[in-house]
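Listing of my_file03.txt, compact mmCIF, C-alpha atoms and all ligand atoms
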# COMPACT_ATOMS: atom_id res chain seq x y z
CA GLY A 1 36.93 -52.86 -35.51
CA ILE A 2 35.84 -50.71 -38.39
CA ARG A 3 32.11 -50.72 -39.04
CA LYS A 4 31.37 -52.07 -42.52
CA LYS A 5 28.83 -50.39 -44.74
CA GLU A 6 25.56 -52.37 -44.77
CA VAL A 7 23.94 -53.22 -48.09
CA ASN A 8 20.79 -55.09 -49.05
CA VAL A 9 21.02 -57.41 -52.05
CA LEU A 10 18.22 -59.34 -53.76
CA CYS A 11 19.02 -62.80 -55.10
CA LEU A 12 16.65 -63.65 -57.97
CA GLY A 13 16.30 -66.20 -60.75
CA LEU A 14 14.22 -69.25 -61.63
CA ASP A 15 13.74 -72.15 -59.22
CA ASN A 16 16.57 -74.69 -59.26
CA SER A 17 19.07 -72.20 -60.73
CA GLY A 18 21.27 -72.42 -57.61
CA LYS A 19 20.57 -69.19 -55.70
CA THR A 20 20.53 -70.74 -52.23
CA THR A 21 23.60 -72.86 -53.01
CA ILE A 22 25.50 -69.72 -54.03
CA ILE A 23 24.48 -67.70 -50.97
CA ASN A 24 25.20 -70.64 -48.69
CA HIS A 25 28.77 -70.77 -50.04
CA LEU A 26 29.32 -67.08 -49.34
CA LYS A 27 28.31 -67.37 -45.69
CA PRO A 28 30.87 -68.03 -42.94
CA THR A 29 31.71 -71.77 -42.82
CA ASN A 30 30.22 -72.28 -39.37
CA THR A 31 26.82 -70.93 -40.49
CA GLN A 32 26.57 -72.82 -43.79
CA ALA A 33 23.66 -75.23 -44.15
CA GLN A 34 24.61 -78.89 -44.65
CA ASP A 35 22.09 -79.43 -47.38
CA VAL A 36 20.22 -76.93 -49.50
CA VAL A 37 16.49 -77.33 -50.02
CA PRO A 38 14.09 -75.46 -52.34
CA THR A 39 13.30 -72.09 -50.79
CA ILE A 40 9.79 -71.43 -49.55
CA GLY A 41 9.01 -67.73 -49.95
CA PHE A 42 12.43 -66.30 -49.09
CA ASN A 43 15.28 -66.45 -46.59
CA ILE A 44 17.36 -63.62 -45.21
CA GLU A 45 21.08 -64.38 -45.08
CA LYS A 46 24.15 -62.38 -44.07
CA PHE A 47 27.79 -62.41 -45.11
CA LYS A 48 30.69 -59.95 -45.08
CA THR A 49 33.39 -59.00 -47.54
CA SER A 50 36.44 -56.86 -46.82
CA THR A 51 34.47 -53.60 -46.95
CA LEU A 52 30.77 -54.49 -46.91
CA SER A 53 28.24 -56.25 -44.74
CA PHE A 54 25.66 -57.91 -47.00
CA THR A 55 22.08 -58.75 -46.13
CA VAL A 56 20.75 -61.00 -48.89
CA PHE A 57 17.10 -61.69 -49.61
CA ASP A 58 17.34 -65.17 -51.12
CA MET A 59 14.00 -65.39 -52.91
CA SER A 60 12.23 -68.54 -54.08
CA GLY A 61 12.20 -68.82 -57.86
CA GLN A 62 9.10 -70.98 -58.01
CA THR A 63 6.34 -69.50 -60.18
CA ARG A 64 3.93 -69.16 -57.25
CA TYR A 65 6.42 -67.10 -55.22
CA ARG A 66 7.81 -64.82 -57.94
CA ASN A 67 5.19 -62.18 -57.11
CA LEU A 68 7.03 -61.66 -53.80
CA TRP A 69 10.14 -60.34 -55.56
CA GLU A 70 8.88 -56.83 -56.28
CA HIS A 71 8.15 -56.06 -52.63
CA TYR A 72 11.90 -55.96 -51.96
CA TYR A 73 13.06 -53.90 -54.96
CA LYS A 74 12.93 -50.50 -53.24
CA GLU A 75 15.09 -51.43 -50.28
CA SER A 76 17.75 -53.26 -52.32
CA GLN A 77 21.01 -51.67 -53.51
CA ALA A 78 22.00 -54.45 -55.91
CA ILE A 79 20.69 -57.59 -57.59
CA ILE A 80 22.21 -61.03 -58.05
CA PHE A 81 20.42 -62.83 -60.89
CA VAL A 82 21.17 -66.55 -61.19
CA VAL A 83 20.69 -68.64 -64.33
CA ASP A 84 21.04 -72.41 -64.76
CA SER A 85 23.41 -72.60 -67.77
CA GLY A 86 22.24 -76.14 -68.50
CA ASP A 87 18.54 -75.27 -68.65
CA LYS A 88 18.15 -74.35 -72.34
CA LEU A 89 14.39 -74.92 -72.30
CA ARG A 90 13.74 -72.34 -69.62
CA MET A 91 16.27 -69.68 -70.74
CA VAL A 92 13.37 -67.86 -72.42
CA VAL A 93 11.44 -67.90 -69.12
CA ALA A 94 14.50 -66.54 -67.32
CA LYS A 95 14.70 -63.75 -69.92
CA GLU A 96 11.01 -62.91 -69.46
CA GLU A 97 11.48 -62.63 -65.70
CA LEU A 98 14.62 -60.52 -66.18
CA ASP A 99 12.83 -58.17 -68.59
CA THR A 100 9.90 -57.80 -66.18
CA LEU A 101 12.36 -57.02 -63.39
CA LEU A 102 14.33 -54.45 -65.38
CA ASN A 103 11.14 -52.69 -66.52
CA HIS A 104 9.64 -52.49 -63.02
CA GLN A 105 9.06 -48.94 -61.80
CA ASP A 106 11.16 -49.52 -58.67
CA ILE A 107 14.14 -50.77 -60.73
CA ARG A 108 13.93 -49.05 -64.11
CA SER A 109 15.20 -45.63 -63.18
CA ARG A 110 17.97 -46.72 -60.84
CA ARG A 111 21.69 -47.22 -61.49
CA MET A 112 21.95 -50.33 -59.33
CA PRO A 113 24.52 -53.02 -60.16
CA VAL A 114 23.25 -56.36 -61.46
CA LEU A 115 25.50 -59.39 -61.09
CA PHE A 116 24.62 -62.44 -63.19
CA PHE A 117 25.81 -65.92 -62.37
CA ALA A 118 25.79 -68.33 -65.32
CA ASN A 119 25.66 -71.17 -62.83
CA LYS A 120 26.08 -74.95 -63.18
CA ILE A 121 28.89 -74.61 -65.75
CA ASP A 122 30.02 -78.04 -64.61
CA LEU A 123 27.08 -79.66 -66.39
CA ARG A 124 28.17 -81.47 -69.53
CA ASP A 125 25.83 -79.54 -71.85
CA ALA A 126 26.05 -76.18 -70.08
CA MET A 127 26.06 -73.05 -72.24
CA SER A 128 29.00 -70.65 -71.92
CA SER A 129 28.52 -67.37 -70.05
CA VAL A 130 28.87 -65.58 -73.41
CA LYS A 131 26.01 -67.65 -74.84
CA VAL A 132 23.89 -67.01 -71.73
CA SER A 133 24.51 -63.28 -71.94
CA GLN A 134 23.50 -63.32 -75.63
CA LEU A 135 20.28 -65.23 -74.92
CA LEU A 136 19.41 -62.81 -72.11
CA CYS A 137 20.36 -59.80 -74.31
CA LEU A 138 22.51 -58.35 -71.55
CA GLU A 139 24.22 -55.95 -73.97
CA SER A 140 20.93 -54.06 -74.15
CA ILE A 141 21.18 -53.09 -70.47
CA LYS A 142 22.45 -49.52 -70.74
CA ASP A 143 21.31 -47.86 -67.52
CA LYS A 144 22.96 -50.18 -65.00
CA PRO A 145 26.42 -51.62 -64.44
CA TRP A 146 26.21 -55.39 -64.97
CA HIS A 147 28.59 -58.30 -65.01
CA ILE A 148 28.29 -62.03 -65.70
CA CYS A 149 30.35 -64.76 -64.05
CA ALA A 150 30.39 -68.43 -64.86
CA SER A 151 30.00 -70.42 -61.65
CA ASP A 152 29.84 -73.84 -60.13
CA ALA A 153 28.11 -73.20 -56.84
CA VAL A 154 28.54 -76.75 -55.59
CA LYS A 155 32.32 -76.39 -55.73
CA GLY A 156 32.16 -72.66 -54.99
CA GLU A 157 33.95 -71.69 -58.22
CA GLY A 158 33.41 -68.24 -59.72
CA LEU A 159 31.57 -66.87 -56.71
CA GLN A 160 34.40 -64.78 -55.29
CA GLU A 161 35.00 -63.00 -58.60
CA GLY A 162 31.32 -62.08 -58.71
CA VAL A 163 31.16 -60.77 -55.17
CA GLU A 164 34.30 -58.69 -55.67
CA TRP A 165 32.74 -57.08 -58.73
CA LEU A 166 29.60 -56.38 -56.69
CA GLN A 167 31.59 -54.85 -53.86
CA ASP A 168 33.37 -52.54 -56.33
CA HIS A 169 30.14 -51.38 -57.99
CA ILE A 170 27.89 -50.71 -55.01
CA LYS A 171 28.00 -47.03 -54.24
P1 LIG A 201 14.62 -72.17 -55.41
O1 LIG A 201 14.92 -71.89 -53.97
O2 LIG A 201 13.59 -73.24 -55.60
O3 LIG A 201 14.28 -70.94 -56.18
O4 LIG A 201 15.98 -72.79 -56.09
P2 LIG A 201 17.47 -72.21 -55.98
O5 LIG A 201 17.73 -71.30 -57.12
O6 LIG A 201 17.74 -71.67 -54.62
O7 LIG A 201 18.36 -73.53 -56.24
P3 LIG A 201 19.18 -74.37 -55.16
O8 LIG A 201 20.33 -73.59 -54.64
O9 LIG A 201 18.22 -74.94 -54.18
O10 LIG A 201 19.80 -75.52 -56.09
C1 LIG A 201 18.99 -76.40 -56.85
C2 LIG A 201 19.77 -77.68 -57.15
O11 LIG A 201 20.84 -77.38 -58.04
C3 LIG A 201 20.41 -78.33 -55.92
O12 LIG A 201 20.31 -79.71 -56.05
C4 LIG A 201 21.87 -77.88 -56.00
O13 LIG A 201 22.77 -78.79 -55.41
C5 LIG A 201 22.08 -77.84 -57.51
N1 LIG A 201 23.13 -76.90 -57.92
C6 LIG A 201 23.31 -75.62 -57.53
N2 LIG A 201 24.37 -75.06 -58.12
C7 LIG A 201 24.91 -76.02 -58.92
C8 LIG A 201 26.04 -76.05 -59.81
O14 LIG A 201 26.78 -75.07 -60.01
N3 LIG A 201 26.26 -77.23 -60.46
C9 LIG A 201 25.47 -78.33 -60.29
N4 LIG A 201 25.78 -79.43 -60.97
N5 LIG A 201 24.39 -78.33 -59.47
C10 LIG A 201 24.11 -77.19 -58.80
MG MG A 202 16.55 -71.33 -53.00

Any chance you could put this one into structure tokens?
Amino acid sequence: GIRKKEVNVLCLGLDNSGKTTIINHLKPTNTQAQDVVPTIGFNIEKFKTSTLSFTVFDMSGQTRYRNLWEHYYKESQAIIFVVDSGDKLRMVVAKEELDTLLNHQDIRSRRMPVLFFANKIDLRDAMSSVKVSQLLCLESIKDKPWHICASDAVKGEGLQEGVEWLQDHIK
């Protein structure tokens, strides 16, 4: 068959936002984990779309592991940043981590696509993706293509739209 272009993607965001659940859903059915557990350090996962072969670094979002993130910035071509839309208390922490990421020397100068998932939209008191994007000040990101998708990773809703956007914006 035709060899797909290989890309490295970093999956970031606070602990419990749903990163591993999202990545698990994107993997081929026969390789999906039965139950998702909090990530220790990081996991490397693979999935394919029609034109790309993705290698995803699914990082732990726990405070003690967030210092690992920056070691993978240089070798990544895109970022998936996941937010728990129901976690109003920690939205400010998510924004701090996003700002630190976007200001990092290995990220700052690069035109790499950033895909946001406003995840857990099924929760009764979840914020809309518009509200999440306002709280994260996404409009102020001028040097990178970005996109936000509302998602329910347990049901797998919204994930395909996001990945298609990513596929179209990776050069
Ligand atoms: P760390 O690995 O600790 O950084 O967390 P994570 O971001 O990988 O979160 P994970 O995928 O482990 O999900 C955390 C919990 O949220 C699990 O119990 C998931 O089932 C649940 N969860 C994930 N996505 C959704 C969603 O869209 N809706 C709801 N209701 N629960 C979700
Ligand atoms: Mg995880």

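Considering the residues A:Lys120, A:Arg3, A:His71, A:His104 and counting all atoms listed in the file, Gly158 (chain A) has its shortest atom-to-atom contact with A:Lys120.
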
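Close contacts of Gln167 (chain A), defined as residues with an atom at most 9 Å away when counting all atoms listed in the file, with chain neighbours fewer than 4 positions off set aside, comprise Thr49, Ser50, Thr51, Leu52, Gly162, Val163 and Lys171 of chain A.
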
Output the selection as a CSV table (one decimal), in the coordinates of the input - C-alpha atoms for each residue.
chain,number,residue,atom,x,y,z
A,49,THR,CA,33.4,-59.0,-47.5
A,50,SER,CA,36.4,-56.9,-46.8
A,51,THR,CA,34.5,-53.6,-47.0
A,52,LEU,CA,30.8,-54.5,-46.9
A,162,GLY,CA,31.3,-62.1,-58.7
A,163,VAL,CA,31.2,-60.8,-55.2
A,171,LYS,CA,28.0,-47.0,-54.2

Would you compute, for all listed atoms of region 37-54 of chain A, the axis-aligned bounding box grown by 5 Å on each side, and then report its centre and edge lengths in Å rounded to one decimal, as JSON?
{"center_x": 22.7, "center_y": -65.5, "center_z": -48.2, "size_x": 37.4, "size_y": 33.7, "size_z": 18.3}

* To do: Residues within 7 Å of ligand LIG 201 (chain A) should be enumerated using all atoms listed in the file and returned as a PyMOL selection string.
  => chain A and resi 13-22+36-40+59-62+119-123+151-154

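Taking CA of Leu102 (chain A) and CA of Leu138 (chain A) as the two end points, the separation is 11.0 Å.
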
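Among the candidates A:Asn8, A:Asn67, A:Thr29, A:Asn24, the residue lying nearest to ligand MG 202 (chain A) is A:Asn24 (atoms considered: only C-alpha atoms and all ligand atoms).
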
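Separating CA of Pro28 (chain A) from CA of Phe47 (chain A) is a distance of 6.8 Å.
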
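For the residues A:Leu68, A:Cys137, A:Leu101, A:Ile23, ranking by smallest atom-to-atom distance to Lys48 (chain A) using only C-alpha atoms places A:Ile23 first.
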
* What is the distance between CA of Lys88 (chain A) and CA of Ala150 (chain A), in Å to one decimal? -> 15.5 Å

* Using only C-alpha atoms and all ligand atoms, pick whichever of A:Val82, A:Leu26, A:Val93, A:Val7 has the shortest atom-to-atom distance to ligand MG 202 (chain A). => A:Val82

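Comparing A:Thr31, A:Ser85, A:Asn43, A:Ser76 by their smallest distance to ligand MG 202 (chain A), the closest is A:Asn43 (using all atoms listed in the file).
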
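Between ligand MG 202 (chain A) and the residues A:Asp84, A:Glu45, A:Glu6, A:Asp58, the shortest atom-to-atom distance, using all atoms listed in the file, involves A:Asp58.
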
* Extract, using all atoms listed in the file, all DNA, RNA and protein residues at most 9 Å from Leu10 (chain A), discarding same-chain residues fewer than 4 positions from it, and format them as number ranges by chain. => A: 55-59, 69, 72-73, 76-81
